[in-house]
Amino acid sequence: MKYTGSVIKYGDNVDTDVIIPARYLNTSVPSELAAHCMEDLDKTFVSRVKQGDIITAGQNFGCGSSREHAPIAIKASGVSLVIAKSFARIFYRNAINIGLAIVECPEAAEEIREGDTVEADLDNGVIRDLTTGKEYRTAPFPEFVQKIIENGGLIASIANGAVK
């Protein structure tokens with residue numbers, strides 16, 4: 001699983017209420033959620049995010065409520081990967097369940113800058129900042145997680161027989 005994209009960077013404790021504000025939880029339509037992704041934290045996010053972009057963030061990304069709307073909004077906005085120092089556990093599992101690739105790599109999350117171009121090979125646990133040439137190591141995704149993400153989430157993976 002390889003991802004390449006431009007980085008949008010956030011800090012610590014980005015909670016689910018700023019990823020997708022509660023006033024938009026009356027829908028679960030991905031495109032509608034994406035239209036409001038990050039708007040209370042970053043009013044420019046929706047207008048500047050591009051397909052394949054990568055979010056880097058500090059500690060405790062996705063803290064707050066356990067709603068699946070948050071990773072759905074991020075994925076539907078075009079973000080292919082989130083790299084953070086750490087994730088709230090329920091957000092981590094929800095992201096995998098909906099097929100959003102996320103990885104903890106504190107050094108990469110700290111050093112990679114807004115606008116850098118990053119390439120991540122999660123089969124081998126390598127993140128490269130193509131802008132600076134710096135390389136970071138992280139744990140590769142286990143095969144079953146790779147299958148879930150490749151199939152677009154846990155439910156799709158089960159329906160396709162990829163995960164049993």
# chains A, B, ... in the order shown; residues from 1 in each chain; ligands from 1
$ closest_atom_pairs --of "segment 64-150 of chain A" --to "segment 155-158 of chain A" --cutoff "10 Å" --atoms "only C-alpha atoms" --output "tab-separated table"
residue	atom	partner	partner_atom	distance
A:Asn97	CA	A:Ile155	CA	7.5
A:Ile98	CA	A:Ile155	CA	8.0
A:Gly99	CA	A:Ala156	CA	9.1
A:Phe144	CA	A:Ser157	CA	9.7
A:Lys147	CA	A:Ser157	CA	7.0
A:Ile148	CA	A:Ser157	CA	5.5
A:Ile149	CA	A:Ser157	CA	8.3
A:Glu150	CA	A:Ser157	CA	8.3
$ closest_atom_pairs --of "segment 51-100 of chain A" --to "segment 129-138 of chain A" --cutoff "12 Å" --atoms "only C-alpha atoms" --output "JSON lines"
{"residue": "A:Ile54", "atom": "CA", "partner": "A:Asp129", "partner_atom": "CA", "distance": 11.4}
{"residue": "A:Thr56", "atom": "CA", "partner": "A:Asp129", "partner_atom": "CA", "distance": 11.8}
{"residue": "A:Ile83", "atom": "CA", "partner": "A:Thr138", "partner_atom": "CA", "distance": 10.2}
{"residue": "A:Ala84", "atom": "CA", "partner": "A:Thr138", "partner_atom": "CA", "distance": 11.3}
{"residue": "A:Lys85", "atom": "CA", "partner": "A:Thr138", "partner_atom": "CA", "distance": 11.1}
$ closest_atom_pairs --of "segment 43-80 of chain A" --to "segment 103-114 of chain A" --cutoff "9 Å" --atoms "only C-alpha atoms" --output "JSON lines"
{"residue": "A:Ile55", "atom": "CA", "partner": "A:Glu114", "partner_atom": "CA", "distance": 8.9}
{"residue": "A:Thr56", "atom": "CA", "partner": "A:Ala109", "partner_atom": "CA", "distance": 5.4}
{"residue": "A:Ala57", "atom": "CA", "partner": "A:Ala109", "partner_atom": "CA", "distance": 5.8}
{"residue": "A:Gly58", "atom": "CA", "partner": "A:Ala109", "partner_atom": "CA", "distance": 6.4}
{"residue": "A:Gln59", "atom": "CA", "partner": "A:Pro106", "partner_atom": "CA", "distance": 8.2}
$ residues_around --residues "Ala35 of chain A" --least-positions-apart "6" --cutoff "10 Å" --atoms "only C-alpha atoms" --output "ChimeraX atom specification"
/A:20,24,45-47,73-74,76-77
$ residues_around --residues "Glu68 of chain A" --least-positions-apart "3" --cutoff "7 Å" --atoms "only C-alpha atoms" --output "number ranges by chain"
A: 71-72, 94
$ write_last_selection --atoms "C-alpha atoms" --output "compact mmCIF listing (two decimals), in the first residue's frame"
# COMPACT_ATOMS: atom_id res chain seq x y z
CA PRO A 71 -12.97 9.32 9.55
CA ILE A 72 -15.67 9.13 6.86
CA ASN A 94 -13.12 3.46 13.18
$ closest_residue --among "A:Asn160, A:Ser6, A:Gln146, A:Asn124" --to "Arg48 of chain A" --atoms "only C-alpha atoms"
A:Ser6
$ atom_distance --atom1 "atom CA of Pro30 of chain A" --atom2 "atom CA of Lys50 of chain A"
15.6 Å
$ select_by_dssp --residues "chain A" --states "strand (DSSP E or B)" --output "PyMOL selection string"
chain A and resi 2-9+15+54-57+61+63+81-84+87+101-104+117-121+126-129+135-137
$ residues_around --residues "segment 11-15 of chain A" --least-positions-apart "3" --cutoff "8 Å" --atoms "only C-alpha atoms" --output "list in words"
Val18, Ile19, Ala57, Gly58, Gln59, Asn60, Phe61, Gly62, Cys63, Gly64 and Ser65 of chain A
$ closest_residue --among "A:Leu154, A:Ala120, A:Glu39, A:Ile8" --to "Leu100 of chain A" --atoms "only C-alpha atoms"
A:Leu154
$ select_by_dssp --residues "segment 48-158 of chain A" --states "alpha helix (DSSP H)" --output "PyMOL selection string"
chain A and resi 48+69-76+89-98+106-111+143-150+154-158
